[in-house]
$ cat coords18.txt   # compact mmCIF, C-alpha atoms
# COMPACT_ATOMS: atom_id res chain seq x y z
CA MET A 1 40.61 -6.12 8.72
CA ALA A 2 39.24 -2.76 7.69
CA PRO A 3 38.53 -2.16 4.03
CA PRO A 4 41.16 -0.14 2.17
CA GLU A 5 40.72 3.58 2.28
CA THR A 6 40.05 4.14 -1.38
CA MET A 7 37.47 2.02 -3.09
CA TYR A 8 37.69 1.57 -6.82
CA CYS A 9 35.56 -1.48 -7.41
CA ALA A 10 33.32 -3.97 -5.69
CA GLN A 11 36.02 -6.65 -5.63
CA GLN A 12 37.94 -4.63 -3.07
CA ILE A 13 35.26 -5.25 -0.47
CA ASN A 14 35.95 -8.26 1.68
CA ILE A 15 32.77 -10.22 2.28
CA PRO A 16 33.06 -12.34 5.43
CA PRO A 17 32.39 -15.96 4.39
CA GLU A 18 29.69 -16.46 7.02
CA LEU A 19 27.84 -13.23 6.20
CA PRO A 20 25.67 -14.48 3.29
CA ASP A 21 24.31 -17.34 5.35
CA ILE A 22 23.63 -15.12 8.37
CA LEU A 23 21.71 -12.67 6.19
CA LYS A 24 19.83 -15.48 4.48
CA GLN A 25 18.74 -17.12 7.73
CA PHE A 26 17.81 -13.70 9.10
CA THR A 27 15.68 -12.93 6.05
CA LYS A 28 14.01 -16.32 6.13
CA ALA A 29 13.20 -15.81 9.79
CA ALA A 30 11.70 -12.40 8.99
CA ILE A 31 9.55 -13.84 6.20
CA ARG A 32 8.28 -16.62 8.39
CA THR A 33 7.70 -14.53 11.50
CA GLN A 34 6.38 -11.36 9.79
CA PRO A 35 7.19 -9.16 12.81
CA GLN A 36 5.07 -6.07 13.36
CA ASP A 37 8.01 -4.00 14.56
CA VAL A 38 10.87 -4.97 12.29
CA LEU A 39 13.57 -3.03 14.12
CA ALA A 40 12.70 -4.28 17.61
CA TRP A 41 12.43 -7.81 16.31
CA SER A 42 15.76 -7.60 14.48
CA ALA A 43 17.46 -6.40 17.65
CA ALA A 44 15.92 -9.32 19.54
CA TYR A 45 16.90 -11.76 16.81
CA PHE A 46 20.58 -10.86 16.83
CA THR A 47 20.72 -10.52 20.61
CA ALA A 48 19.39 -14.07 20.86
CA LEU A 49 21.78 -15.24 18.15
CA ALA A 50 24.76 -13.64 19.92
CA THR A 51 23.89 -15.09 23.32
CA GLY A 52 22.76 -18.48 22.05
CA GLU A 53 19.16 -18.18 23.27
CA ALA A 54 16.12 -19.49 21.42
CA LEU A 55 15.57 -17.27 18.37
CA PRO A 56 12.34 -15.24 18.18
CA VAL A 57 11.25 -17.12 15.06
CA LYS A 58 7.92 -18.77 14.35
CA ARG A 59 8.02 -22.42 13.35
CA ARG A 60 5.87 -21.67 10.35
CA LEU A 61 4.13 -18.83 8.58
CA GLU A 62 0.74 -17.80 9.94
CA PRO A 63 -0.81 -15.92 7.03
CA GLY A 64 -2.96 -12.90 7.76
CA ALA A 65 -2.48 -13.12 11.52
CA THR A 66 -2.33 -10.00 13.68
CA GLY A 67 -1.76 -9.61 17.39
CA LEU A 68 -0.93 -12.64 19.50
CA THR A 69 -1.08 -15.98 17.69
CA PRO A 70 -0.30 -19.56 18.76
CA GLY A 71 2.96 -19.28 16.79
CA LEU A 72 4.06 -16.17 18.69
CA LEU A 73 3.06 -17.66 22.03
CA ASP A 74 5.20 -20.66 21.08
CA VAL A 75 8.13 -18.26 20.49
CA ILE A 76 7.63 -16.71 23.93
CA TYR A 77 7.35 -20.16 25.49
CA GLN A 78 10.55 -21.42 23.83
CA GLN A 79 12.43 -18.36 25.06
CA LEU A 80 11.19 -18.39 28.66
CA LYS A 81 10.53 -22.07 29.40
CA GLU A 82 13.76 -22.43 31.37
CA LYS A 83 12.58 -19.85 33.89
CA ASN A 84 10.15 -20.71 36.67
CA VAL A 85 9.35 -17.15 37.60
CA VAL A 86 9.38 -14.15 35.28
CA THR A 87 8.89 -10.46 36.00
CA LEU A 88 6.25 -8.37 34.28
CA GLY A 89 9.10 -6.26 32.93
CA LEU A 90 10.59 -9.23 31.09
CA LEU A 91 7.20 -10.20 29.69
CA GLY A 92 6.67 -6.63 28.52
CA LYS A 93 10.04 -6.69 26.80
CA LYS A 94 9.28 -9.94 24.97
CA TRP A 95 5.90 -8.51 24.05
CA ALA A 96 7.49 -5.39 22.54
CA GLU A 97 10.11 -7.39 20.66
CA LEU A 98 7.39 -9.26 18.83
CA GLY A 99 5.50 -6.01 18.17
CA LEU A 100 2.44 -7.17 20.11
CA PRO A 101 -0.15 -4.72 21.43
CA LYS A 102 0.39 -3.75 25.10
CA GLN A 103 -3.34 -3.75 25.65
CA GLN A 104 -3.46 -7.49 25.13
CA LEU A 105 -0.72 -8.10 27.71
CA SER A 106 -2.45 -6.00 30.33
CA GLU A 107 -5.71 -7.87 29.70
CA ILE A 108 -3.92 -11.18 30.27
CA ILE A 109 -2.19 -9.89 33.40
CA GLN A 110 -5.52 -8.66 34.69
CA SER A 111 -7.41 -11.86 34.03
CA GLY A 112 -4.67 -13.88 35.74
CA GLY A 113 -4.47 -11.40 38.60
CA PHE A 114 -0.67 -11.43 38.31
CA ALA A 115 1.63 -9.36 40.48
CA GLU A 116 5.18 -8.22 39.68
CA GLU A 117 6.53 -11.78 39.71
CA VAL A 118 4.66 -14.41 37.73
CA GLU A 119 5.00 -18.17 37.57
CA PHE A 120 5.68 -18.56 33.89
CA MET A 121 3.51 -21.64 33.36
CA LYS A 122 0.54 -19.86 34.94
CA PHE A 123 1.05 -16.90 32.64
CA PHE A 124 1.33 -19.32 29.75
CA ALA A 125 -1.92 -21.08 30.67
CA VAL A 126 -3.85 -17.81 31.04
CA THR A 127 -2.48 -16.60 27.70
CA CYS A 128 -3.67 -19.82 26.04
CA SER A 129 -7.08 -19.27 27.55
CA HIS A 130 -7.03 -15.69 26.22
CA LEU A 131 -6.11 -16.97 22.74
CA GLY A 132 -8.84 -19.59 22.94
CA GLY A 133 -11.43 -16.86 23.52
CA GLY A 134 -11.93 -17.89 27.16
CA SER A 135 -12.88 -21.49 26.39
CA ILE A 136 -11.01 -23.88 28.65
CA THR A 137 -11.32 -26.73 26.15
CA GLU A 138 -9.71 -24.59 23.47
CA ALA A 139 -7.08 -23.38 25.94
CA MET A 140 -6.14 -26.96 26.85
CA ARG A 141 -5.93 -27.86 23.16
CA LEU A 142 -3.53 -24.95 22.56
CA ILE A 143 -1.51 -25.92 25.63
CA CYS A 144 -1.10 -29.43 24.23
CA GLN A 145 -0.22 -28.05 20.81
CA ILE A 146 2.56 -25.82 22.13
CA LEU A 147 3.97 -27.95 24.95
CA THR A 148 4.09 -31.21 23.03
CA LYS A 149 7.33 -32.75 21.86
CA ASP A 150 5.52 -34.56 19.06
CA PRO A 151 6.30 -33.35 15.54
CA ASP A 152 4.07 -30.72 13.91
CA GLY A 153 0.66 -32.13 13.07
CA GLY A 154 1.21 -35.11 15.37
CA ALA A 155 -0.90 -36.31 18.25
CA CYS A 156 0.20 -33.37 20.51
CA ARG A 157 0.68 -35.54 23.60
CA ILE A 158 1.74 -33.98 26.89
CA GLN A 159 2.34 -35.40 30.36
CA PHE A 160 -0.93 -35.97 32.20
CA SER A 161 0.50 -34.51 35.42
CA LEU A 162 1.18 -31.23 33.59
CA PHE A 163 -2.26 -31.31 31.98
CA LYS A 164 -3.89 -31.87 35.36
CA GLU A 165 -1.99 -29.02 36.99
CA LEU A 166 -2.82 -26.48 34.27
CA TYR A 167 -6.41 -27.63 33.90
CA GLU A 168 -7.04 -27.36 37.63
CA TYR A 169 -5.42 -23.93 37.65
CA LEU A 170 -7.54 -22.59 34.77
CA ALA A 171 -10.70 -24.16 36.17
CA SER A 172 -10.13 -22.60 39.59
CA LEU A 173 -9.36 -19.24 37.96
CA SER A 174 -12.65 -19.22 36.06
CA GLY A 175 -14.49 -20.03 39.31
CA GLU A 176 -17.48 -21.45 37.43
CA ILE A 177 -16.46 -25.08 37.32
CA SER A 178 -17.45 -27.32 40.18
CA GLN A 179 -14.92 -29.59 41.85
CA SER A 180 -17.01 -32.65 40.92
CA GLN A 181 -16.87 -31.70 37.24
CA ILE A 182 -13.08 -31.37 37.35
CA GLU A 183 -12.80 -34.72 39.08
CA GLY A 184 -15.15 -36.29 36.52
CA VAL A 185 -12.98 -35.11 33.63
CA LEU A 186 -9.75 -36.26 35.24
CA ALA A 187 -11.22 -39.64 36.17
CA HIS A 188 -12.44 -40.18 32.61
CA LEU A 189 -9.07 -39.23 31.11
CA HIS A 190 -7.27 -41.49 33.53
CA ASP A 191 -8.26 -44.61 31.55
CA ASP A 192 -6.84 -43.17 28.32
CA VAL A 193 -3.71 -42.00 30.06
CA GLU A 194 -2.92 -45.44 31.41
CA LYS A 195 -2.95 -46.84 27.87
CA GLN A 196 -0.76 -43.97 26.61
CA ALA A 197 2.18 -44.22 29.02
CA GLY A 198 1.15 -41.27 31.17
CA MET A 199 0.44 -38.97 28.23
CA VAL A 200 -2.77 -37.20 27.28
CA MET A 201 -3.71 -35.71 23.90
CA PRO A 202 -6.46 -33.40 22.66
CA ARG A 203 -8.29 -36.32 20.99
CA ASN A 204 -8.92 -37.75 24.49
CA PHE A 205 -10.68 -34.71 25.93
CA LEU A 206 -12.32 -33.54 22.68
CA SER A 207 -14.08 -36.89 22.22
CA PRO A 208 -17.84 -36.86 22.82
CA GLU A 209 -17.46 -39.52 25.51
CA CYS A 210 -15.37 -37.23 27.71
CA PRO A 211 -17.34 -35.01 30.08
CA LYS A 212 -17.20 -31.32 29.20
CA LEU A 213 -14.11 -29.54 30.52
CA SER A 214 -16.07 -26.40 31.34
CA MET B 1 23.13 -60.75 -20.05
CA ALA B 2 23.66 -58.96 -16.81
CA ASN B 3 25.02 -56.00 -18.67
CA GLU B 4 22.02 -55.81 -20.93
CA GLN B 5 19.70 -55.88 -17.97
CA THR B 6 21.36 -52.97 -16.26
CA LYS B 7 21.37 -51.14 -19.57
CA VAL B 8 17.63 -51.56 -19.88
CA GLU B 9 17.13 -50.38 -16.35
CA THR B 10 19.18 -47.25 -16.80
CA ASN B 11 17.37 -46.61 -20.05
CA ARG B 12 14.12 -46.80 -18.19
CA ASP B 13 15.46 -44.52 -15.49
CA VAL B 14 16.49 -41.75 -17.82
CA PRO B 15 13.00 -40.67 -18.90
CA VAL B 16 11.84 -40.85 -15.30
CA ALA B 17 14.64 -38.56 -14.18
CA GLN B 18 13.96 -36.23 -17.09
CA GLU B 19 10.29 -36.20 -16.27
CA ARG B 20 11.08 -35.39 -12.68
CA ARG B 21 13.39 -32.59 -13.70
CA LYS B 22 10.75 -31.21 -16.02
CA LYS B 23 8.19 -31.28 -13.23
CA ARG B 24 10.55 -29.48 -10.92
CA ARG B 25 11.19 -26.85 -13.55
CA ARG B 26 7.48 -26.43 -14.09
CA ARG B 27 6.91 -26.06 -10.38
CA ARG B 28 9.67 -23.50 -10.12
CA SER B 29 8.35 -21.53 -13.06
CA ARG B 30 5.01 -21.35 -11.32
CA ALA B 31 6.58 -19.26 -8.56
CA SER B 32 6.63 -15.66 -9.70
CA VAL B 33 9.19 -13.42 -8.11
CA ASP B 34 8.75 -9.70 -7.80
CA TYR B 35 12.14 -8.13 -7.16
CA GLU B 36 10.77 -4.63 -6.74
CA GLU B 37 8.39 -5.65 -4.02
CA MET B 38 10.66 -8.48 -2.75
CA SER B 39 7.91 -11.06 -2.81
CA VAL B 40 7.37 -14.55 -4.18
CA ARG B 41 4.00 -15.85 -5.26
CA TYR B 42 3.16 -19.54 -5.45
CA GLY B 43 -0.38 -19.56 -6.74
CA ALA B 44 -2.50 -18.24 -3.89
CA VAL B 45 0.32 -18.12 -1.34
CA LYS B 46 2.40 -14.97 -1.33
CA LEU B 47 5.61 -14.75 0.63
CA GLN B 48 6.94 -11.32 1.32
CA VAL B 49 9.44 -9.69 3.62
CA PRO B 50 7.85 -7.30 6.12
CA SER B 51 7.67 -3.67 5.04
CA GLY B 52 10.88 -1.79 5.67
CA PHE B 53 12.90 -4.98 5.90
CA LYS B 54 14.73 -4.49 2.62
CA GLN B 55 16.06 -1.13 3.67
CA LEU B 56 17.03 -2.48 7.07
CA LEU B 57 18.90 -5.40 5.54
CA GLU B 58 20.75 -3.09 3.16
CA ASN B 59 21.83 -0.86 5.99
CA LEU B 60 22.91 -3.82 8.09
CA SER B 61 24.98 -5.32 5.27
CA ARG B 62 26.60 -1.98 4.54
CA GLU B 63 27.58 -1.49 8.17
CA ILE B 64 28.97 -5.03 8.40
CA LEU B 65 30.98 -4.69 5.21
CA ARG B 66 32.30 -1.36 6.35
CA GLU B 67 33.31 -2.43 9.84
CA GLN B 68 34.27 -6.03 9.09
CA PRO B 69 33.40 -7.26 12.62
CA LYS B 70 34.80 -10.60 13.73
CA ASN B 71 31.62 -11.61 15.52
CA ILE B 72 28.80 -10.67 13.18
CA PRO B 73 25.84 -11.61 15.44
CA ASN B 74 27.30 -9.55 18.28
CA PHE B 75 27.89 -6.60 16.01
CA ALA B 76 24.41 -6.81 14.50
CA ALA B 77 22.86 -7.01 17.96
CA ALA B 78 24.76 -3.90 19.07
CA TYR B 79 23.82 -2.13 15.85
CA PHE B 80 20.10 -2.81 16.11
CA ASN B 81 19.96 -2.10 19.82
CA ARG B 82 21.62 1.22 19.16
CA LEU B 83 19.10 2.03 16.42
CA LEU B 84 16.28 1.05 18.74
CA GLU B 85 17.69 3.30 21.43
CA ARG B 86 17.89 6.18 18.98
CA ARG B 87 14.33 5.59 17.88
CA GLU B 88 13.20 5.74 21.49
CA GLN B 89 15.06 9.04 21.83
CA GLY B 90 12.91 10.33 18.99
CA PHE B 91 15.28 10.42 16.04
CA ALA B 92 13.25 10.18 12.89
CA ASP B 93 15.95 8.59 10.74
CA GLY B 94 15.43 5.22 12.32
CA ASN B 95 17.72 3.38 9.96
CA LEU B 96 20.67 5.71 9.76
CA VAL B 97 23.58 5.65 12.08
CA SER B 98 25.52 8.81 12.61
CA GLU B 99 28.25 7.02 14.45
CA ARG B 100 30.21 3.92 13.84
CA ILE B 101 29.77 0.87 15.99
CA VAL B 102 33.00 -0.92 16.56
CA GLU B 103 33.41 -4.39 17.86
CA LEU B 104 34.88 -4.84 21.27
CA GLU B 105 38.15 -6.67 21.27
CA ASP B 106 39.80 -7.65 24.51
CA ALA B 107 40.47 -4.25 26.04
CA ALA B 108 38.34 -3.34 29.04
CA PRO B 109 37.53 0.26 28.01
CA LEU B 110 35.88 -1.06 24.89
CA ALA B 111 33.65 -3.29 26.93
CA ALA B 112 32.54 -0.21 28.81
CA VAL B 113 31.38 1.50 25.67
CA GLU B 114 29.76 -1.61 24.33
CA GLU B 115 27.76 -1.70 27.54
CA VAL B 116 26.44 1.80 27.07
CA MET B 117 25.54 1.19 23.48
CA SER B 118 23.44 -1.86 24.11
CA PRO B 119 21.32 -1.54 27.23
CA VAL B 120 19.96 -5.06 26.73
CA ASN B 121 23.43 -6.35 27.64
CA VAL B 122 24.51 -7.98 24.45
CA GLY B 123 26.61 -10.94 25.37
CA ALA B 124 26.63 -9.84 28.98
CA GLU B 125 27.61 -13.30 30.14
CA GLU B 126 30.53 -13.41 27.77
CA VAL B 127 32.03 -10.13 28.88
CA ALA B 128 31.11 -10.74 32.51
CA PRO B 129 34.69 -10.50 33.80
CA THR B 130 35.16 -7.06 32.25
CA ILE B 131 31.73 -5.79 33.13
CA GLN B 132 32.67 -4.66 36.58
CA THR B 133 35.37 -2.44 35.28
CA ALA B 134 32.92 -1.45 32.60
CA ALA B 135 30.39 -0.24 35.13
CA GLU B 136 33.05 1.71 37.00
CA GLU B 137 34.21 3.45 33.89
CA GLU B 138 30.70 4.13 32.82
CA GLU B 139 30.23 6.14 35.97
CA GLU B 140 33.30 8.15 35.27
CA MET B 141 32.85 8.73 31.59
CA PRO B 142 29.79 11.00 31.34
CA ASP B 143 31.54 13.65 33.42
CA LEU B 144 31.11 16.49 30.96
CA THR B 145 33.07 18.95 33.04
CA ASP B 146 36.16 16.87 32.56
CA PRO B 147 37.93 18.87 29.88
CA GLU B 148 39.84 15.86 28.70
CA VAL B 149 36.69 13.99 27.83
CA GLU B 150 35.33 16.91 25.89
CA LYS B 151 38.58 17.47 24.09
CA ALA B 152 38.85 13.85 23.17
CA ALA B 153 35.29 13.76 21.94
CA THR B 154 35.60 16.76 19.65
CA LEU B 155 38.86 15.44 18.33
CA ILE B 156 37.24 12.14 17.50
CA GLN B 157 34.23 13.78 15.91
CA ALA B 158 36.43 15.94 13.78
CA SER B 159 38.45 12.99 12.66
CA PHE B 160 35.30 11.11 11.82
CA ARG B 161 34.13 13.91 9.60
CA GLY B 162 37.51 13.86 7.97
CA PHE B 163 37.12 10.18 7.41
CA ALA B 164 33.66 10.59 5.94
CA SER B 165 34.64 13.40 3.61
CA ARG B 166 37.56 11.35 2.39
CA LYS B 167 35.04 8.70 1.57
CA SER B 168 32.95 11.17 -0.37
CA VAL B 169 35.98 12.27 -2.34
CA ALA B 170 36.61 8.64 -3.13
CA SER B 171 33.08 8.26 -4.39
CA GLU B 172 33.40 11.24 -6.70
CA LYS B 173 36.43 9.68 -8.29
CA GLN B 174 34.54 6.56 -9.22
CA PRO B 175 31.18 7.39 -10.68
CA ASN B 176 30.34 4.17 -12.49
CA THR B 177 30.88 1.10 -10.36
CA LYS B 178 28.17 -0.82 -8.63
CA GLN B 179 29.79 0.06 -5.34
CA MET B 180 28.88 3.70 -5.88
CA LYS B 181 25.68 3.27 -3.98
CA ILE B 182 27.48 2.26 -0.88
CA LEU B 183 30.02 5.03 -1.13
CA HIS B 184 27.30 7.59 -1.72
CA LYS B 185 25.53 6.46 1.37
CA LEU B 186 28.76 6.85 3.28
CA ALA B 187 29.07 10.31 1.86
CA ASP B 188 25.58 11.13 3.09
CA GLU B 189 26.55 10.41 6.61
CA PRO B 190 28.36 13.57 7.63
CA GLN B 191 25.03 15.37 7.28
CA THR B 192 23.17 13.08 9.62
CA SER B 193 26.03 13.07 12.06
CA GLN B 194 26.06 16.86 12.08
CA GLN B 195 22.32 16.95 12.54
CA ALA B 196 22.62 14.61 15.43
CA ASP B 197 25.40 16.74 16.85
CA SER B 198 23.34 19.90 16.69
CA THR B 199 20.27 18.37 18.24
CA SER B 200 22.10 16.74 21.05
CA ALA B 201 24.71 19.42 21.65
CA GLY B 202 24.58 20.83 25.15
CA THR B 203 22.29 18.10 26.38
CA THR B 204 23.16 15.15 28.48
CA SER B 205 23.09 12.95 25.43
CA PHE B 206 26.34 14.60 24.48
CA ALA B 207 27.94 12.32 27.01
CA LYS B 208 26.52 9.38 25.20
CA ASP B 209 27.73 10.67 21.87
CA ALA B 210 31.15 11.13 23.36
CA LEU B 211 31.10 7.59 24.61
CA VAL B 212 30.12 6.25 21.25
CA ASP B 213 32.77 8.38 19.63
CA ALA B 214 35.26 7.11 22.14
CA LEU B 215 34.25 3.66 21.09
CA PHE B 216 35.06 4.66 17.58
CA GLU B 217 38.47 5.80 18.68
CA ALA B 218 39.37 2.88 20.88
CA GLY B 219 38.42 0.19 18.43
CA GLU B 220 39.77 1.88 15.36
CA GLU B 221 43.05 3.23 16.61
CA GLU B 222 44.83 1.81 13.68
CA ASN B 223 42.40 3.31 11.23
CA LEU B 224 42.60 6.66 12.96
CA LYS B 225 46.32 6.68 12.52
CA LYS B 226 45.76 6.18 8.84
CA ILE B 227 43.26 9.02 8.72
CA HIS B 228 45.50 11.46 10.50
CA SER B 229 48.41 10.74 8.27
CA PRO B 230 48.23 12.87 5.11

$ encode --input "coords18.txt" --output "structure tokens"
Amino acid sequence: MAPPETMYCAQQINIPPELPDILKQFTKAAIRTQPQDVLAWSAAYFTALATGEALPVKRRLEPGATGLTPGLLDVIYQQLKEKNVVTLGLLGKKWAELGLPKQQLSEIIQSGGFAEEVEFMKFFAVTCSHLGGGSITEAMRLICQILTKDPDGGACRIQFSLFKELYEYLASLSGEISQSQIEGVLAHLHDDVEKQAGMVMPRNFLSPECPKLS
Amino acid sequence: MANEQTKVETNRDVPVAQERRKKRRRRRSRASVDYEEMSVRYGAVKLQVPSGFKQLLENLSREILREQPKNIPNFAAAYFNRLLERREQGFADGNLVSERIVELEDAAPLAAVEEVMSPVNVGAEEVAPTIQTAAEEEEEMPDLTDPEVEKAATLIQASFRGFASRKSVASEKQPNTKQMKILHKLADEPQTSQQADSTSAGTTSFAKDALVDALFEAGEEENLKKIHSP
């Protein structure tokens, strides 16, 4: 129903009952996510809301953060995890929606040597390594933190098979890690994994007893 | 006996509850709210909306209240995508719309216009059955040489200006209500729409304007009738 043609007072305006809550959730999401480009992010937020996709909203506030952060990578992961293969165009679009610098994306694409079509999990792993400043240990910790189904601040367990796949990929990409070192790490973790129902957590590979990942 | 016991217990509970309430009040009073800046401060932690968000939210609410869309998320998505598109085209007034965005109902022509407005395919899956016809019509629509399209577009633009100026008259009548702000903003719009018209006139973007205006017509037929009637 359109509002009446002549407005005399505020009571004449019909406020849709669901509007206040939509605006409130939207504002809360903006406060928590602190998008760099508010307009692009708002468009992405409502497009996701209208189509029922994962919302581009951080799980929690990351004060003082600029550029790519673990929280924003988590947003990208939640939105694209259903896809096996993504195009660079789609990644660029997600990047722009979150107001992230293009330079950073091209650095990641370059270090992964990605072509037009990218396996999303590979892109994800390389981005974690980029966030971790190139350290594979830090990258694997971030991977556990984002991929885990444990609650926030929990043990951050992930499937060992997934860990193995991503670790071997990152290790081969760096080209500096010998096959025997990779095997040593995996063999050491295997004992822990058997006790943890096929799961591995950062505490296992950060412990001093575990051989260095890189 | 039993009664006395429960009495004692409730008596003991009351101060606890009061204490708790007091604590909550104290905690709340520690949060200082700045309505000008739209921020909340809890000790060292400061929560604030991103810069420019307040204006954006005001504009969004105004558009929603004005258009009364049935599906608010869809409408908001179309609205922001349109603004984004305009920003990419280089319009400085990133938050102002010079045209109305009208929700698509079930008619196919509307779906066509919705498509053009939101290149990211808002709800593309949902309108999938109509999209084919949408694409066909999209190809036909920007034909500027078609006199009918042009005629229709100017007619719609004219009627929109009529609509807007009516609104401004309405705002002059009522200088003191809180709603004034909204009506004033409506009254501002003919200017921006004329600016947009002059910058885009003669260019290919005229086709786009016409499409958006056609959207305005198709969705608001009933309103238009009202506007045309004296």

$ residues_around --input "coords18.txt" --residues "A:Ser214" --least-positions-apart "4" --cutoff "12 Å" --atoms "only C-alpha atoms" --output "PyMOL selection string"
chain A and resi 134-140+167-168+170-185+205-206+210

$ residues_near_point --input "coords18.txt" --point "(4.1, -19.5, 2.7)" --cutoff "10 Å" --atoms "only C-alpha atoms" --output "PyMOL selection string"
(chain A and resi 31-32+60-63) or (chain B and resi 40-42+44-48)

$ atom_distance --input "coords18.txt" --atom1 "atom CA of A:Leu80" --atom2 "atom CA of A:Phe114"
16.8 Å

$ residues_around --input "coords18.txt" --residues "A:Leu147" --least-positions-apart "4" --cutoff "9 Å" --atoms "only C-alpha atoms" --output "JSON list (two decimals) with C-alpha atoms, in the frame of the given file"
[["chain", "number", "residue", "atom", "x", "y", "z"],
["A", 74, "ASP", "CA", 5.20, -20.66, 21.08],
["A", 77, "TYR", "CA", 7.35, -20.16, 25.49],
["A", 142, "LEU", "CA", -3.53, -24.95, 22.56],
["A", 143, "ILE", "CA", -1.51, -25.92, 25.63],
["A", 156, "CYS", "CA", 0.20, -33.37, 20.51],
["A", 157, "ARG", "CA", 0.68, -35.54, 23.60],
["A", 158, "ILE", "CA", 1.74, -33.98, 26.89]]

$ atom_distance --input "coords18.txt" --atom1 "atom CA of A:Val118" --atom2 "atom CA of A:Pro101"
19.6 Å

$ interface_residues --input "coords18.txt" --of "chain A" --to "chain B" --cutoff "10 Å" --atoms "all atoms listed in the file" --output "NGL selection string"
:A and (1-16 or 18-20 or 22-23 or 26-52 or 61 or 63)

$ atom_distance --input "coords18.txt" --atom1 "atom CA of A:Pro56" --atom2 "atom CA of A:Gly133"
24.4 Å

$ closest_residue --input "coords18.txt" --among "A:Thr87, A:Gln145, A:Gln25, A:Ser161" --to "A:Phe120" --atoms "only C-alpha atoms"
A:Thr87

$ closest_residue --input "coords18.txt" --among "A:Leu88, A:Thr127, A:Leu213, A:Gln159" --to "A:Glu194" --atoms "all atoms listed in the file"
A:Gln159

$ axis_aligned_box --input "coords18.txt" --around "stretch 194-203 of chain A" --padding-each-side "5 Å" --output "AutoDock Vina command-line options"
--center_x -3.1 --center_y -40.1 --center_z 26.2 --size_x 20.5 --size_y 23.4 --size_z 20.4
